[in-house]
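One file, model03.csv, is given below (CSV, C-alpha atoms).
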chain,number,residue,atom,x,y,z
U,1,MET,CA,53.7,36.1,-31.2
U,2,PRO,CA,51.7,34.0,-33.8
U,3,ALA,CA,53.4,31.2,-35.6
U,4,PRO,CA,54.1,32.2,-39.3
U,5,SER,CA,51.7,30.8,-41.8
U,6,LEU,CA,52.6,30.1,-45.4
U,7,ALA,CA,51.1,33.5,-46.3
U,8,THR,CA,53.4,35.1,-43.8
U,9,TRP,CA,56.5,33.5,-45.3
U,10,ARG,CA,55.4,34.5,-48.8
U,11,SER,CA,54.8,38.1,-47.7
U,12,SER,CA,58.2,38.2,-46.1
U,13,GLU,CA,59.8,36.7,-49.2
U,14,ASN,CA,58.1,39.4,-51.4
U,15,GLY,CA,59.5,42.1,-49.1
U,16,PHE,CA,63.1,40.8,-49.2
U,17,SER,CA,62.9,40.5,-52.9
U,18,THR,CA,61.4,43.9,-53.8
U,19,ARG,CA,62.9,46.0,-51.0
U,20,TRP,CA,66.3,44.5,-50.3
U,21,GLY,CA,67.0,42.7,-53.6
U,22,PHE,CA,67.3,39.1,-52.3
U,23,PRO,CA,64.6,36.9,-53.9
U,24,ASN,CA,63.6,33.6,-52.3
U,25,CYS,CA,64.7,34.9,-48.9
U,26,VAL,CA,62.0,34.4,-46.2
U,27,GLY,CA,63.8,35.8,-43.2
U,28,ALA,CA,67.1,37.2,-41.7
U,29,ILE,CA,68.3,35.2,-38.7
U,30,ASP,CA,70.8,35.9,-36.0
U,31,GLY,CA,71.4,35.2,-32.3
U,32,LYS,CA,72.5,37.5,-29.5
U,33,HIS,CA,73.7,36.9,-25.9
U,34,VAL,CA,71.5,38.6,-23.4
U,35,ARG,CA,73.5,39.4,-20.3
U,36,ILE,CA,72.1,38.0,-17.0
U,37,GLN,CA,73.3,37.8,-13.4
U,38,CYS,CA,75.0,34.6,-12.4
U,39,PRO,CA,72.3,32.0,-11.8
U,40,PRO,CA,72.9,29.9,-8.7
U,41,ASN,CA,74.1,26.3,-9.0
U,42,THR,CA,74.5,26.3,-12.8
U,43,GLY,CA,78.2,25.9,-13.1
U,44,SER,CA,79.5,27.1,-16.5
U,45,SER,CA,76.3,26.5,-18.5
U,46,TYR,CA,75.5,30.1,-18.8
U,47,ILE,CA,79.0,31.4,-19.4
U,48,SER,CA,79.3,32.8,-23.0
U,49,TYR,CA,82.5,32.8,-25.0
U,50,LYS,CA,82.7,36.5,-24.1
U,51,GLY,CA,83.2,35.5,-20.5
U,52,PHE,CA,79.9,36.8,-19.0
U,53,PHE,CA,76.7,35.0,-18.1
U,54,SER,CA,73.9,35.0,-20.7
U,55,VAL,CA,70.9,33.4,-22.3
U,56,VAL,CA,70.6,33.4,-26.1
U,57,LEU,CA,67.9,35.2,-28.1
U,58,LEU,CA,67.7,33.6,-31.5
U,59,ALA,CA,65.5,35.6,-33.9
U,60,VAL,CA,64.1,35.5,-37.5
U,61,GLU,CA,63.1,38.9,-38.9
U,62,ASP,CA,60.9,39.9,-41.7
U,63,PRO,CA,62.0,42.7,-44.2
U,64,ASN,CA,60.3,45.4,-42.0
U,65,TYR,CA,62.3,44.8,-38.9
U,66,LYS,CA,59.6,42.8,-37.1
U,67,PHE,CA,60.3,39.5,-35.3
U,68,LEU,CA,58.7,36.5,-37.1
U,69,ILE,CA,60.1,34.0,-34.6
U,70,VAL,CA,62.1,34.2,-31.4
U,71,ASP,CA,63.7,31.3,-29.5
U,72,ILE,CA,64.8,32.4,-26.1
U,73,GLY,CA,66.7,30.9,-23.2
U,74,ASN,CA,69.4,28.5,-24.5
U,75,TYR,CA,72.6,28.4,-22.5
U,76,GLY,CA,75.2,31.1,-23.3
U,77,ARG,CA,77.9,28.5,-23.9
U,78,HIS,CA,76.3,27.2,-27.1
U,79,SER,CA,76.9,28.3,-30.7
U,80,ASP,CA,74.4,29.7,-33.2
U,81,SER,CA,74.3,26.5,-35.2
U,82,GLY,CA,73.8,24.3,-32.1
U,83,ILE,CA,71.1,26.5,-30.7
U,84,PHE,CA,69.4,26.7,-34.1
U,85,LYS,CA,69.3,22.9,-34.5
U,86,GLU,CA,67.8,22.5,-31.0
U,87,SER,CA,65.2,25.3,-31.5
U,88,ASN,CA,61.5,24.8,-31.8
U,89,PHE,CA,61.7,26.8,-35.1
U,90,TYR,CA,64.1,24.2,-36.6
U,91,GLN,CA,62.0,21.3,-35.4
U,92,ARG,CA,58.7,22.8,-36.7
U,93,TYR,CA,59.8,24.4,-40.0
U,94,ILE,CA,63.1,23.1,-41.2
U,95,SER,CA,63.1,19.5,-40.3
U,96,THR,CA,59.6,19.1,-41.6
U,97,ASN,CA,60.1,21.3,-44.7
U,98,LEU,CA,57.3,23.8,-43.9
U,99,LEU,CA,59.0,26.8,-45.5
U,100,PRO,CA,57.4,27.7,-48.9
U,101,PRO,CA,58.1,25.3,-51.7
U,102,PRO,CA,61.0,26.0,-54.2
U,103,LYS,CA,60.4,28.5,-57.0
U,104,PRO,CA,62.6,30.0,-59.8
U,105,LEU,CA,64.5,33.2,-59.2
U,106,PRO,CA,63.2,36.1,-61.3
U,107,GLY,CA,63.9,35.5,-64.9
U,108,LYS,CA,65.1,32.0,-64.4
U,109,ALA,CA,63.5,28.6,-65.1
U,110,ASP,CA,64.9,26.2,-62.5
U,111,ASP,CA,63.4,26.0,-59.0
U,112,MET,CA,65.5,27.3,-56.1
U,113,PRO,CA,64.7,26.7,-52.4
U,114,HIS,CA,63.5,29.5,-50.1
U,115,VAL,CA,66.3,30.4,-47.7
U,116,LEU,CA,67.2,32.3,-44.5
U,117,VAL,CA,70.1,34.6,-44.5
U,118,GLY,CA,72.6,34.6,-41.7
U,119,ASP,CA,76.2,35.4,-40.8
U,120,GLU,CA,79.2,33.2,-40.1
U,121,GLY,CA,77.6,31.9,-36.9
U,122,PHE,CA,75.4,29.6,-39.0
U,123,ALA,CA,76.5,26.7,-41.2
U,124,LEU,CA,75.8,26.9,-44.9
U,125,GLN,CA,72.8,24.7,-45.8
U,126,PRO,CA,70.4,24.5,-48.7
U,127,TYR,CA,67.9,26.5,-46.5
U,128,MET,CA,70.6,28.8,-45.0
U,129,MET,CA,72.8,31.2,-46.9
U,130,ARG,CA,75.9,32.7,-45.3
U,131,PRO,CA,78.7,34.9,-46.8
U,132,TYR,CA,81.6,33.5,-48.7
U,133,PRO,CA,84.8,33.6,-46.6
U,134,LYS,CA,86.6,36.9,-47.1
U,135,ALA,CA,89.8,35.1,-48.2
U,136,ASN,CA,87.9,33.5,-51.1
U,137,SER,CA,85.9,36.5,-52.1
U,138,VAL,CA,88.3,39.4,-52.0
U,139,ASN,CA,89.4,38.9,-55.6
U,140,ASP,CA,86.2,37.4,-56.9
U,141,ALA,CA,83.6,39.9,-58.2
U,142,LYS,CA,80.8,37.4,-58.1
U,143,LYS,CA,81.4,36.3,-54.5
U,144,THR,CA,81.8,39.9,-53.5
U,145,LYS,CA,78.5,40.9,-55.0
U,146,PHE,CA,76.8,38.0,-53.3
U,147,ASN,CA,78.2,39.0,-49.9
U,148,THR,CA,77.1,42.5,-50.5
U,149,GLN,CA,73.5,41.5,-51.3
U,150,LEU,CA,73.4,39.1,-48.4
U,151,SER,CA,74.6,41.8,-46.1
U,152,ARG,CA,71.9,44.2,-47.2
U,153,ALA,CA,69.2,41.6,-46.4
U,154,ARG,CA,70.8,40.3,-43.2
U,155,ARG,CA,71.4,43.8,-41.7
U,156,ILE,CA,67.6,43.9,-41.0
U,157,VAL,CA,68.0,41.6,-38.0
U,158,GLU,CA,71.0,43.5,-36.8
U,159,ASN,CA,69.1,46.8,-36.9
U,160,ALA,CA,66.1,45.2,-35.2
U,161,PHE,CA,68.4,44.1,-32.3
U,162,GLY,CA,69.7,47.7,-32.2
U,163,ILE,CA,66.2,49.1,-31.9
U,164,LEU,CA,65.3,46.6,-29.2
U,165,SER,CA,68.3,47.3,-27.0
U,166,ARG,CA,68.0,51.1,-27.3
U,167,LYS,CA,64.2,51.2,-26.7
U,168,TRP,CA,64.3,48.8,-23.8
U,169,ARG,CA,67.2,49.8,-21.6
U,170,ILE,CA,67.0,46.8,-19.5
U,171,PHE,CA,69.2,45.2,-22.1
U,172,LEU,CA,72.0,47.6,-21.4
U,173,ARG,CA,73.0,45.8,-18.2
U,174,ALA,CA,72.9,42.3,-16.8
U,175,ILE,CA,69.3,41.4,-16.1
U,176,GLU,CA,68.9,40.5,-12.4
U,177,CYS,CA,66.3,37.8,-12.6
U,178,ASN,CA,66.4,34.0,-12.7
U,179,PRO,CA,66.7,32.6,-16.2
U,180,GLN,CA,63.0,31.7,-16.5
U,181,ASN,CA,61.9,35.3,-15.8
U,182,VAL,CA,64.6,36.6,-18.2
U,183,ASP,CA,63.0,34.5,-20.9
U,184,ILE,CA,59.6,36.2,-20.2
U,185,ILE,CA,61.1,39.7,-20.2
U,186,VAL,CA,62.9,39.2,-23.5
U,187,GLN,CA,59.8,37.7,-25.1
U,188,ALA,CA,57.7,40.6,-23.8
U,189,ALA,CA,60.2,43.1,-25.3
U,190,CYS,CA,60.1,41.4,-28.7
U,191,CYS,CA,56.2,41.4,-28.7
U,192,LEU,CA,56.2,45.1,-27.7
U,193,HIS,CA,58.7,45.8,-30.5
U,194,ASN,CA,56.3,44.3,-33.0
U,195,PHE,CA,53.3,46.0,-31.4
U,196,LEU,CA,54.9,49.5,-31.9
U,197,LEU,CA,55.7,48.8,-35.6
U,198,ASN,CA,52.1,47.5,-36.1
U,199,LYS,CA,50.7,50.6,-34.5
U,200,GLY,CA,52.0,52.7,-37.5
U,201,ASN,CA,55.4,53.8,-36.2
U,202,SER,CA,57.7,53.3,-39.2
U,203,GLU,CA,60.8,51.3,-38.5
U,204,GLN,CA,62.9,54.1,-39.9
U,205,HIS,CA,61.5,56.5,-37.2
U,206,LEU,CA,62.0,53.9,-34.5
U,207,TYR,CA,65.6,53.3,-35.5
U,208,GLU,CA,66.6,57.0,-36.0
U,209,SER,CA,64.9,58.1,-32.7
U,210,SER,CA,66.7,55.3,-30.8
U,211,VAL,CA,70.2,56.3,-31.9
U,212,GLU,CA,69.8,60.1,-31.4
U,213,ASP,CA,71.1,59.8,-27.8
U,214,GLU,CA,74.8,59.2,-28.2
U,215,THR,CA,75.1,58.4,-24.5
U,216,ILE,CA,73.3,55.1,-25.0
U,217,PRO,CA,75.8,52.3,-25.6
U,218,ASN,CA,75.5,50.6,-28.9
U,219,ALA,CA,73.8,47.3,-29.5
U,220,GLU,CA,77.1,45.3,-29.5
U,221,SER,CA,77.6,46.3,-25.8
U,222,ALA,CA,74.1,45.4,-24.9
U,223,LEU,CA,73.4,42.3,-27.0
U,224,ALA,CA,76.7,40.5,-27.7
U,225,PRO,CA,77.1,38.6,-31.1
U,226,MET,CA,77.4,34.9,-31.4
U,227,ASN,CA,80.7,33.2,-32.3
U,228,ALA,CA,81.4,31.9,-35.8
U,229,THR,CA,81.2,28.3,-36.8
U,230,ASN,CA,83.5,26.4,-39.2
U,231,GLN,CA,81.0,23.5,-39.8
U,232,ARG,CA,81.5,21.9,-43.2
U,233,SER,CA,78.8,22.5,-45.8
U,234,SER,CA,77.3,20.1,-48.3
U,235,ILE,CA,78.0,20.2,-52.0
U,236,ALA,CA,74.2,21.0,-52.6
U,237,ALA,CA,74.4,24.0,-50.3
U,238,GLN,CA,77.5,25.3,-52.1
U,239,GLU,CA,75.8,24.9,-55.4
U,240,ILE,CA,72.7,26.8,-54.3
U,241,ARG,CA,74.9,29.7,-53.0
U,242,ASN,CA,76.8,29.7,-56.3
U,243,LEU,CA,73.5,30.0,-58.2
U,244,PHE,CA,72.5,32.9,-56.1
U,245,SER,CA,75.9,34.4,-56.8
U,246,ASP,CA,75.5,34.0,-60.6
U,247,TYR,CA,72.0,35.6,-60.4
U,248,PHE,CA,73.3,38.7,-58.5
U,249,SER,CA,76.2,39.0,-60.8
U,250,GLU,CA,74.0,38.9,-63.9
U,251,ARG,CA,71.7,41.6,-62.4
U,252,ASP,CA,74.5,43.8,-61.1
U,253,GLY,CA,73.2,47.4,-61.2
U,254,GLN,CA,69.6,46.4,-61.6
U,255,VAL,CA,68.9,45.9,-57.9
U,256,PRO,CA,67.5,49.0,-56.3
U,257,GLU,CA,69.6,50.5,-53.5
U,258,GLN,CA,67.9,51.5,-50.2

Represent the supplied structure as structure tokens.
Amino acid sequence: MPAPSLATWRSSENGFSTRWGFPNCVGAIDGKHVRIQCPPNTGSSYISYKGFFSVVLLAVEDPNYKFLIVDIGNYGRHSDSGIFKESNFYQRYISTNLLPPPKPLPGKADDMPHVLVGDEGFALQPYMMRPYPKANSVNDAKKTKFNTQLSRARRIVENAFGILSRKWRIFLRAIECNPQNVDIIVQAACCLHNFLLNKGNSEQHLYESSVEDETIPNAESALAPMNATNQRSSIAAQEIRNLFSDYFSERDGQVPEQ
């Protein structure tokens, strides 16, 4: 899986903007627990908060359901934010500011950073947008609109995990290999996933064909979600999210639905 170039990030941003209505977004990020058999002599390292043994698949998706980056093999007991901070992706692209430089949102003059979109498993950061808490957004139209737009962009990574687990049924049970071989299996499945999309099979066809068989367990039973984090966010990150919220509120009704 090649490392994303600046052109790759810009192409991904263009897709999230034009197709899913979220400008300045370069990827949707999420982490899932991949069930494994109990590795010998590892204590509680691989026990997830769900109570089973797992390694974590952390992935960044482009707007077309393809994996841009995968980070595989972290202990199941860790949280999304902890895994993200320790990942090669974070060290290479976030800590060194290698994402595309800031640019204005459409119709605006002030520069805004390029961001990833994630769920409550990730801490709000200037480079990471997560939803407003439900308790704070239920009676606030701006925050509700932001959460809706973020969900439309973020669901790409959820759908990609669904495709992965339904196409490659090894994910529907605990993988009976040592953790090092599990990492290789998961990486191979992610590469094959991208290969099929690059061969001309539309992601819609892949997704629809993979859910036709109702006897196949859903993605949540195969790849378990990460737990949420309550890590405090910076004032700068909150201001960036508020600016996105203002932008979506002003453009309400102008964003194409898909």

Per residue of segment 110-152 of chain U within 8 Å of segment 7-30 of chain U, which atom pair is closest and at what distance in Å (one decimal), using only C-alpha atoms, listed by chain and increasing number, as a Markdown table?
| residue | atom | partner | partner_atom | distance |
| --- | --- | --- | --- | --- |
| U:Met112 | CA | U:Asn24 | CA | 7.6 |
| U:Pro113 | CA | U:Asn24 | CA | 7.0 |
| U:His114 | CA | U:Asn24 | CA | 4.7 |
| U:Val115 | CA | U:Cys25 | CA | 4.9 |
| U:Leu116 | CA | U:Gly27 | CA | 5.0 |
| U:Val117 | CA | U:Ala28 | CA | 4.9 |
| U:Gly118 | CA | U:Ile29 | CA | 5.3 |
| U:Asp119 | CA | U:Asp30 | CA | 7.2 |
| U:Gly121 | CA | U:Asp30 | CA | 7.9 |
| U:Gln149 | CA | U:Phe22 | CA | 6.7 |
| U:Leu150 | CA | U:Phe22 | CA | 7.2 |
| U:Arg152 | CA | U:Trp20 | CA | 6.4 |

(request) Could you check which of U:Ala224, U:Leu99, U:Leu243, U:Ile83 is closest to Ala174 of chain U, using all atoms listed in the file? (result) U:Ala224

(message) Neighbouring residues of Ile36 of chain U were defined as those with any atom within 7 Å, considering all atoms listed in the file; residues of the same chain fewer than 4 positions away were excluded. Please report them as number ranges by chain.
(response) U: 53-54, 174-176

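We find atom CA of Asp110 of chain U and atom CA of Ser249 of chain U to be spaced 17.2 Å apart.
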
(message) Using all atoms listed in the file, can you tell me which of U:Asp246, U:Asp140, U:Glu61, U:Asp111 comes closest to His193 of chain U?
(response) U:Glu61

(message) Please list as a list of chain:residue names every residue within 8 Å of Phe89 of chain U, counting all atoms listed in the file and excluding residues in the same chain fewer than 3 positions away.
(response) U:Ile69, U:Asp71, U:Phe84, U:Arg92, U:Tyr93, U:Ile94

(message) Around the point (68.6, 41.5, -35.3) (coordinates from the file), which residues reach within 9 Å if we count all atoms listed in the file? Answer as a VMD selection string.
(response) chain U and resid 28 to 32 58 to 61 65 67 154 to 164
